[in-house]
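Accompanying notes for the structure given below.
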Amino acid sequence: MERGESPSPLKTRRKRCLILGVVAVLIVIIIIAVIVGLALRRETDQFKATFIARCEKFKEYDCQNVWDAFQQAYVGRDPCKVPVEAYDPFIAATPFKPPCNRMMFWSKTKDVVQDFAEKKDCFVTLEETVLGSVVDGLTWCGKEGSSETFTTDCPGWSDCDNNTVRSFWNRVSATFAEAACGDVSAMLNGSIATPFSPLSVFGSVEVKRFNSTRMRSLSVVLVTPENPVSHCTDASLKDLQKELDEGIKYNCTEVTLAQIQECISNSEKPCGPCW
């Protein structure tokens with residue numbers, strides 16, 4: 001085109017189409033960003049609402065303060081780089097009085113032990129305290145560069161050692177076990193070959209923190225099917241005995257799952273005769 005010559009209508013239309021196309025793409029990008037941002041905010045808000053509601057059942061805590069202490073452990077972090085001690089502020093914000101002689105630990109028996117604890121009110125599990133109840137059954141994590149809480153696409157329990165959820169449960173389990181006092185119980189699974197595993201949270205975290213200056217005894221309730229795979233004489237349970245502090249008495253009772261379920265359904269049956 002010579003200097004001073006007007007552009008052709010065809011070129012003008014092409015230029016306008018190009019500009020409109022770029023604008024349309026930018027608008028779509030902005031809309032997607034807004035939608036994603038709102039979705040992430042809803043994800044955080046829903047998780048927080050559940051957390052706060054569960055916390056408020058305990059009355060004695062400043063639940064906003066508990067939430068702030070909890071989320072600072074993982075928000076903005078790589079979800080595989082959240083060390084156990086990151087939850088120390090949460091522990092400090094949730095002091096609890098241990099229910100001596102009623103504390104129940106478990107391994108591979110979560111459903112039955114929680115059903116029993118909830119219906120019979122004989123024992124207290126970690127998940128019934130403020131330490132565990134606020135996130136029991138939930139998944140959460142943060143992401144580098146983000147201030148949101150994510151509940152999807154988070155690493156699983158075995159994906160990395162210091163993942164958000166695993167570090168949390170290791171930390172609160174340690175606190176619950178350190179507080180164990182009086183006569184303590186543990187419900188283990190008699191339908192598997194090794195009811196006591198040193199790799200479980202019970203074996204690797206909790207048992208190692210039982211202290212004979214506070215704890216008198218450990219009573220293992222071995223929940224068995226009609227044809228049990230393991231018994232109280234199992235080698236792994238002998239290993240458990242060896243792990244206990246000297247001075248902590250040990251005993252084991254085999255109880256069928258059917259017997260426990262019958263006890264749960266019978267509201268008039270006191271705790272002791274359940275086994």
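Labels for the structure tokens follow display order: chains A, B, ..., residues from 1 in each chain, ligands from 1.
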Which residues of stretch 130-225 of chain A come within 10 Å of stretch 44-52 of chain A, and for each one, what is the closest pair of atoms and their distance in Å to one decimal, counting only C-alpha atoms, sorted by chain and residue number, as JSON lines?
```
{"residue": "A:Ser133", "atom": "CA", "partner": "A:Phe51", "partner_atom": "CA", "distance": 8.6}
{"residue": "A:Val134", "atom": "CA", "partner": "A:Phe51", "partner_atom": "CA", "distance": 5.0}
{"residue": "A:Val135", "atom": "CA", "partner": "A:Phe51", "partner_atom": "CA", "distance": 6.5}
{"residue": "A:Asp136", "atom": "CA", "partner": "A:Phe51", "partner_atom": "CA", "distance": 9.6}
{"residue": "A:Leu138", "atom": "CA", "partner": "A:Phe47", "partner_atom": "CA", "distance": 8.7}
{"residue": "A:Thr139", "atom": "CA", "partner": "A:Phe47", "partner_atom": "CA", "distance": 9.3}
{"residue": "A:Trp140", "atom": "CA", "partner": "A:Phe47", "partner_atom": "CA", "distance": 8.3}
{"residue": "A:Ser147", "atom": "CA", "partner": "A:Thr44", "partner_atom": "CA", "distance": 9.4}
{"residue": "A:Glu148", "atom": "CA", "partner": "A:Thr44", "partner_atom": "CA", "distance": 5.9}
{"residue": "A:Thr149", "atom": "CA", "partner": "A:Thr44", "partner_atom": "CA", "distance": 4.9}
{"residue": "A:Phe150", "atom": "CA", "partner": "A:Thr44", "partner_atom": "CA", "distance": 6.6}
{"residue": "A:Thr151", "atom": "CA", "partner": "A:Phe47", "partner_atom": "CA", "distance": 7.7}
```
Considering only strand (DSSP E) as DSSP defines it on the backbone, what residues of stretch 22-207 of chain A qualify? List them as a PyMOL selection string. chain A and resi 104-107+182-189
Restricted to all heavy atoms, what would the selected residues look like written as a short mmCIF file (atom, residue, chain, number, x, y, z; two decimals), in the first residue's frame?
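selection-v3.cif, freshly written:
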```
data_model
loop_
_atom_site.label_atom_id
_atom_site.label_comp_id
_atom_site.auth_asym_id
_atom_site.auth_seq_id
_atom_site.Cartn_x
_atom_site.Cartn_y
_atom_site.Cartn_z
N MET A 104 -9.99 -45.16 74.40
CA MET A 104 -9.98 -46.32 73.52
C MET A 104 -9.15 -46.03 72.27
O MET A 104 -9.39 -45.05 71.56
CB MET A 104 -11.40 -46.69 73.12
CG MET A 104 -11.51 -47.75 72.03
SD MET A 104 -11.03 -49.42 72.59
CE MET A 104 -12.57 -49.97 73.36
N PHE A 105 -8.17 -46.89 72.03
CA PHE A 105 -7.36 -46.81 70.81
C PHE A 105 -7.82 -47.92 69.87
O PHE A 105 -8.54 -48.83 70.28
CB PHE A 105 -5.88 -46.93 71.16
CG PHE A 105 -5.37 -45.77 71.97
CD1 PHE A 105 -5.59 -45.71 73.35
CD2 PHE A 105 -4.69 -44.73 71.36
CE1 PHE A 105 -5.15 -44.62 74.09
CE2 PHE A 105 -4.22 -43.63 72.10
CZ PHE A 105 -4.47 -43.59 73.47
N TRP A 106 -7.41 -47.85 68.63
CA TRP A 106 -7.86 -48.87 67.68
C TRP A 106 -6.88 -48.98 66.51
O TRP A 106 -6.09 -48.06 66.24
CB TRP A 106 -9.26 -48.56 67.16
CG TRP A 106 -9.40 -47.20 66.50
CD1 TRP A 106 -9.75 -46.02 67.09
CD2 TRP A 106 -9.17 -46.89 65.11
NE1 TRP A 106 -9.75 -45.01 66.17
CE2 TRP A 106 -9.40 -45.51 64.94
CE3 TRP A 106 -8.80 -47.66 64.00
CZ2 TRP A 106 -9.27 -44.87 63.71
CZ3 TRP A 106 -8.66 -47.02 62.77
CH2 TRP A 106 -8.90 -45.64 62.64
N SER A 107 -6.98 -50.10 65.81
CA SER A 107 -6.21 -50.30 64.58
C SER A 107 -6.96 -51.27 63.70
O SER A 107 -7.28 -52.39 64.13
CB SER A 107 -4.81 -50.84 64.90
OG SER A 107 -4.03 -50.96 63.71
N GLY A 182 -4.69 -44.09 83.40
CA GLY A 182 -5.51 -45.11 84.06
C GLY A 182 -5.52 -46.40 83.26
O GLY A 182 -4.50 -46.83 82.71
N ASP A 183 -6.68 -47.03 83.20
CA ASP A 183 -6.84 -48.28 82.45
C ASP A 183 -7.29 -47.94 81.03
O ASP A 183 -8.36 -47.34 80.83
CB ASP A 183 -7.87 -49.17 83.15
CG ASP A 183 -7.43 -49.57 84.55
OD1 ASP A 183 -6.23 -49.92 84.72
OD2 ASP A 183 -8.27 -49.51 85.47
N VAL A 184 -6.49 -48.32 80.07
CA VAL A 184 -6.71 -47.95 78.67
C VAL A 184 -7.06 -49.18 77.84
O VAL A 184 -6.60 -50.29 78.15
CB VAL A 184 -5.42 -47.28 78.10
CG1 VAL A 184 -5.53 -47.03 76.61
CG2 VAL A 184 -5.15 -45.98 78.85
N SER A 185 -7.89 -49.01 76.82
CA SER A 185 -8.29 -50.13 75.96
C SER A 185 -7.85 -49.89 74.52
O SER A 185 -7.63 -48.75 74.10
CB SER A 185 -9.82 -50.30 76.00
OG SER A 185 -10.28 -50.55 77.30
N ALA A 186 -7.73 -50.98 73.79
CA ALA A 186 -7.40 -50.89 72.35
C ALA A 186 -8.17 -52.00 71.63
O ALA A 186 -8.10 -53.17 72.02
CB ALA A 186 -5.91 -51.05 72.12
N MET A 187 -8.90 -51.63 70.60
CA MET A 187 -9.66 -52.60 69.83
C MET A 187 -8.88 -52.93 68.55
O MET A 187 -8.65 -52.06 67.71
CB MET A 187 -11.05 -52.05 69.49
CG MET A 187 -12.04 -53.10 69.06
SD MET A 187 -13.75 -52.46 68.92
CE MET A 187 -14.27 -52.44 70.64
N LEU A 188 -8.47 -54.20 68.42
CA LEU A 188 -7.66 -54.63 67.28
C LEU A 188 -8.44 -55.67 66.47
O LEU A 188 -9.43 -56.24 66.93
CB LEU A 188 -6.33 -55.19 67.75
CG LEU A 188 -5.48 -54.27 68.64
CD1 LEU A 188 -4.14 -54.93 68.97
CD2 LEU A 188 -5.25 -52.91 67.98
N ASN A 189 -7.95 -55.92 65.26
CA ASN A 189 -8.67 -56.74 64.29
C ASN A 189 -8.18 -58.19 64.28
O ASN A 189 -7.04 -58.47 63.89
CB ASN A 189 -8.51 -56.12 62.89
CG ASN A 189 -9.46 -56.70 61.88
OD1 ASN A 189 -9.92 -57.83 62.00
ND2 ASN A 189 -9.76 -55.92 60.85
#
```
Helix (DSSP H, G or I) positions in stretch 108-183 of chain A, given as a ChimeraX atom specification: /A:110-120,126-128,130-133,164-178
Counting only C-alpha atoms, the residue among A:Thr125, A:Thr224, A:Gln71, A:Ser191 that lies closest to A:Thr253 is A:Thr224
Contact residues around A:Val229 with only C-alpha atoms at 9 Å, ignoring same-chain residues under 2 positions, as a PDB file with N, CA, C and O atoms, in the first residue's frame:
```
ATOM      1  N   GLY A 190      -9.045 -59.113  64.678  1.00  0.00           N
ATOM      2  CA  GLY A 190      -8.680 -60.527  64.706  1.00  0.00           C
ATOM      3  C   GLY A 190      -8.964 -61.256  63.410  1.00  0.00           C
ATOM      4  O   GLY A 190      -8.805 -62.473  63.335  1.00  0.00           O
ATOM      5  N   SER A 191      -9.362 -60.505  62.369  1.00  0.00           N
ATOM      6  CA  SER A 191      -9.629 -61.142  61.077  1.00  0.00           C
ATOM      7  C   SER A 191      -8.448 -61.007  60.128  1.00  0.00           C
ATOM      8  O   SER A 191      -8.538 -61.383  58.964  1.00  0.00           O
ATOM      9  N   ILE A 192      -7.332 -60.452  60.631  1.00  0.00           N
ATOM     10  CA  ILE A 192      -6.118 -60.324  59.828  1.00  0.00           C
ATOM     11  C   ILE A 192      -4.971 -61.047  60.522  1.00  0.00           C
ATOM     12  O   ILE A 192      -5.035 -61.315  61.727  1.00  0.00           O
ATOM     13  N   ALA A 193      -3.930 -61.346  59.761  1.00  0.00           N
ATOM     14  CA  ALA A 193      -2.828 -62.173  60.290  1.00  0.00           C
ATOM     15  C   ALA A 193      -2.008 -61.469  61.362  1.00  0.00           C
ATOM     16  O   ALA A 193      -1.480 -62.112  62.272  1.00  0.00           O
ATOM     17  N   THR A 194      -1.874 -60.145  61.265  1.00  0.00           N
ATOM     18  CA  THR A 194      -1.071 -59.394  62.239  1.00  0.00           C
ATOM     19  C   THR A 194      -1.909 -58.273  62.844  1.00  0.00           C
ATOM     20  O   THR A 194      -1.900 -57.142  62.337  1.00  0.00           O
ATOM     21  N   THR A 224     -13.057 -60.553  66.586  1.00  0.00           N
ATOM     22  CA  THR A 224     -12.867 -61.703  65.697  1.00  0.00           C
ATOM     23  C   THR A 224     -14.146 -62.048  64.930  1.00  0.00           C
ATOM     24  O   THR A 224     -15.258 -61.827  65.419  1.00  0.00           O
ATOM     25  N   PRO A 225     -13.987 -62.608  63.722  1.00  0.00           N
ATOM     26  CA  PRO A 225     -15.144 -63.171  63.020  1.00  0.00           C
ATOM     27  C   PRO A 225     -15.467 -64.530  63.629  1.00  0.00           C
ATOM     28  O   PRO A 225     -14.845 -64.943  64.619  1.00  0.00           O
ATOM     29  N   ASN A 227     -14.781 -67.386  62.434  1.00  0.00           N
ATOM     30  CA  ASN A 227     -13.567 -68.197  62.285  1.00  0.00           C
ATOM     31  C   ASN A 227     -12.359 -67.262  62.297  1.00  0.00           C
ATOM     32  O   ASN A 227     -11.915 -66.798  61.250  1.00  0.00           O
ATOM     33  N   HIS A 231      -5.366 -64.875  67.173  1.00  0.00           N
ATOM     34  CA  HIS A 231      -5.858 -65.022  68.540  1.00  0.00           C
ATOM     35  C   HIS A 231      -4.995 -64.165  69.474  1.00  0.00           C
ATOM     36  O   HIS A 231      -3.993 -63.582  69.067  1.00  0.00           O
TER      37      HIS A 231
END
```
I'd like the contact shell of A:Cys154 - 12 Å cut-off, only C-alpha atoms, skipping same-chain residues fewer than 5 positions apart - returned as a PDB file with C-alpha atoms, in the first residue's frame.
```pdb
ATOM      1  CA  TYR A  74      -0.793 -26.266  55.314  1.00  0.00           C
ATOM      2  CA  ARG A  77       2.486 -25.166  51.188  1.00  0.00           C
ATOM      3  CA  ASP A  78       3.391 -28.068  48.975  1.00  0.00           C
ATOM      4  CA  PRO A  79       0.922 -30.740  50.233  1.00  0.00           C
ATOM      5  CA  CYS A  80       3.776 -33.256  50.463  1.00  0.00           C
ATOM      6  CA  LEU A 138     -12.289 -35.399  55.557  1.00  0.00           C
ATOM      7  CA  THR A 139      -9.477 -34.709  53.072  1.00  0.00           C
ATOM      8  CA  TRP A 140      -7.753 -31.365  52.718  1.00  0.00           C
ATOM      9  CA  CYS A 141      -4.530 -29.735  51.528  1.00  0.00           C
ATOM     10  CA  GLY A 142      -3.035 -26.455  50.383  1.00  0.00           C
ATOM     11  CA  LYS A 143      -1.101 -25.519  47.274  1.00  0.00           C
ATOM     12  CA  THR A 149      -8.058 -25.026  51.220  1.00  0.00           C
ATOM     13  CA  ASP A 159       1.675 -40.923  48.410  1.00  0.00           C
ATOM     14  CA  CYS A 160       4.279 -39.066  50.494  1.00  0.00           C
ATOM     15  CA  ASN A 163       1.384 -35.084  53.342  1.00  0.00           C
ATOM     16  CA  THR A 164      -1.182 -32.790  54.908  1.00  0.00           C
ATOM     17  CA  VAL A 165      -3.571 -35.416  56.284  1.00  0.00           C
ATOM     18  CA  ARG A 166      -1.019 -38.003  57.394  1.00  0.00           C
TER      19      ARG A 166
END
```
Which residues come within 9 Å of A:Val130, counting only C-alpha atoms, excluding same-chain residues fewer than 4 positions away, as a list of chain:residue names?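 Listing them by chain and then by number gives A:Arg54, A:Cys55, A:Lys57, A:Phe58, A:Thr94, A:Pro95, A:Phe96, A:Leu126, A:Val134.
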Hey, can you spit out that residue selection with N, CA and C atoms as a PDB file, in the first residue's frame?
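The resulting file, again.pdb, is shown below:
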```pdb
ATOM      1  N   ARG A  54     -18.257 -28.556  63.764  1.00  0.00           N
ATOM      2  CA  ARG A  54     -17.828 -29.675  64.616  1.00  0.00           C
ATOM      3  C   ARG A  54     -17.122 -29.166  65.868  1.00  0.00           C
ATOM      4  N   CYS A  55     -16.310 -28.135  65.704  1.00  0.00           N
ATOM      5  CA  CYS A  55     -15.585 -27.567  66.841  1.00  0.00           C
ATOM      6  C   CYS A  55     -16.546 -26.974  67.877  1.00  0.00           C
ATOM      7  N   LYS A  57     -19.337 -27.845  68.861  1.00  0.00           N
ATOM      8  CA  LYS A  57     -20.025 -28.820  69.701  1.00  0.00           C
ATOM      9  C   LYS A  57     -19.345 -28.979  71.053  1.00  0.00           C
ATOM     10  N   PHE A  58     -18.084 -28.560  71.114  1.00  0.00           N
ATOM     11  CA  PHE A  58     -17.320 -28.728  72.357  1.00  0.00           C
ATOM     12  C   PHE A  58     -17.402 -27.513  73.282  1.00  0.00           C
ATOM     13  N   THR A  94      -6.119 -26.345  71.244  1.00  0.00           N
ATOM     14  CA  THR A  94      -7.171 -27.313  71.598  1.00  0.00           C
ATOM     15  C   THR A  94      -6.800 -28.168  72.807  1.00  0.00           C
ATOM     16  N   PRO A  95      -6.483 -27.558  73.937  1.00  0.00           N
ATOM     17  CA  PRO A  95      -6.171 -28.365  75.125  1.00  0.00           C
ATOM     18  C   PRO A  95      -7.412 -29.157  75.541  1.00  0.00           C
ATOM     19  N   PHE A  96      -7.214 -30.398  75.974  1.00  0.00           N
ATOM     20  CA  PHE A  96      -8.364 -31.195  76.387  1.00  0.00           C
ATOM     21  C   PHE A  96      -8.024 -31.987  77.640  1.00  0.00           C
ATOM     22  N   LEU A 126     -10.113 -41.022  69.906  1.00  0.00           N
ATOM     23  CA  LEU A 126      -9.525 -39.765  69.438  1.00  0.00           C
ATOM     24  C   LEU A 126     -10.528 -38.972  68.611  1.00  0.00           C
ATOM     25  N   VAL A 134     -12.935 -32.702  64.355  1.00  0.00           N
ATOM     26  CA  VAL A 134     -13.103 -31.572  63.434  1.00  0.00           C
ATOM     27  C   VAL A 134     -12.845 -31.944  61.973  1.00  0.00           C
TER      28      VAL A 134
END
```
Could you check the closest approach to A:Phe202 for each of A:Asp121, A:Asp88, A:Val255, A:Ala177 and tell me which residue wins, using only C-alpha atoms? A:Ala177
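Shortest separation to A:Asp234 among A:Ser158, A:Gln114, A:Ser197, A:Gln64 occurs at residue A:Ser197, atoms counted being only C-alpha atoms.
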What's the separation between atom CA of A:Gly76 and atom CA of A:Ser167, in Å to one decimal place? 15.9 Å
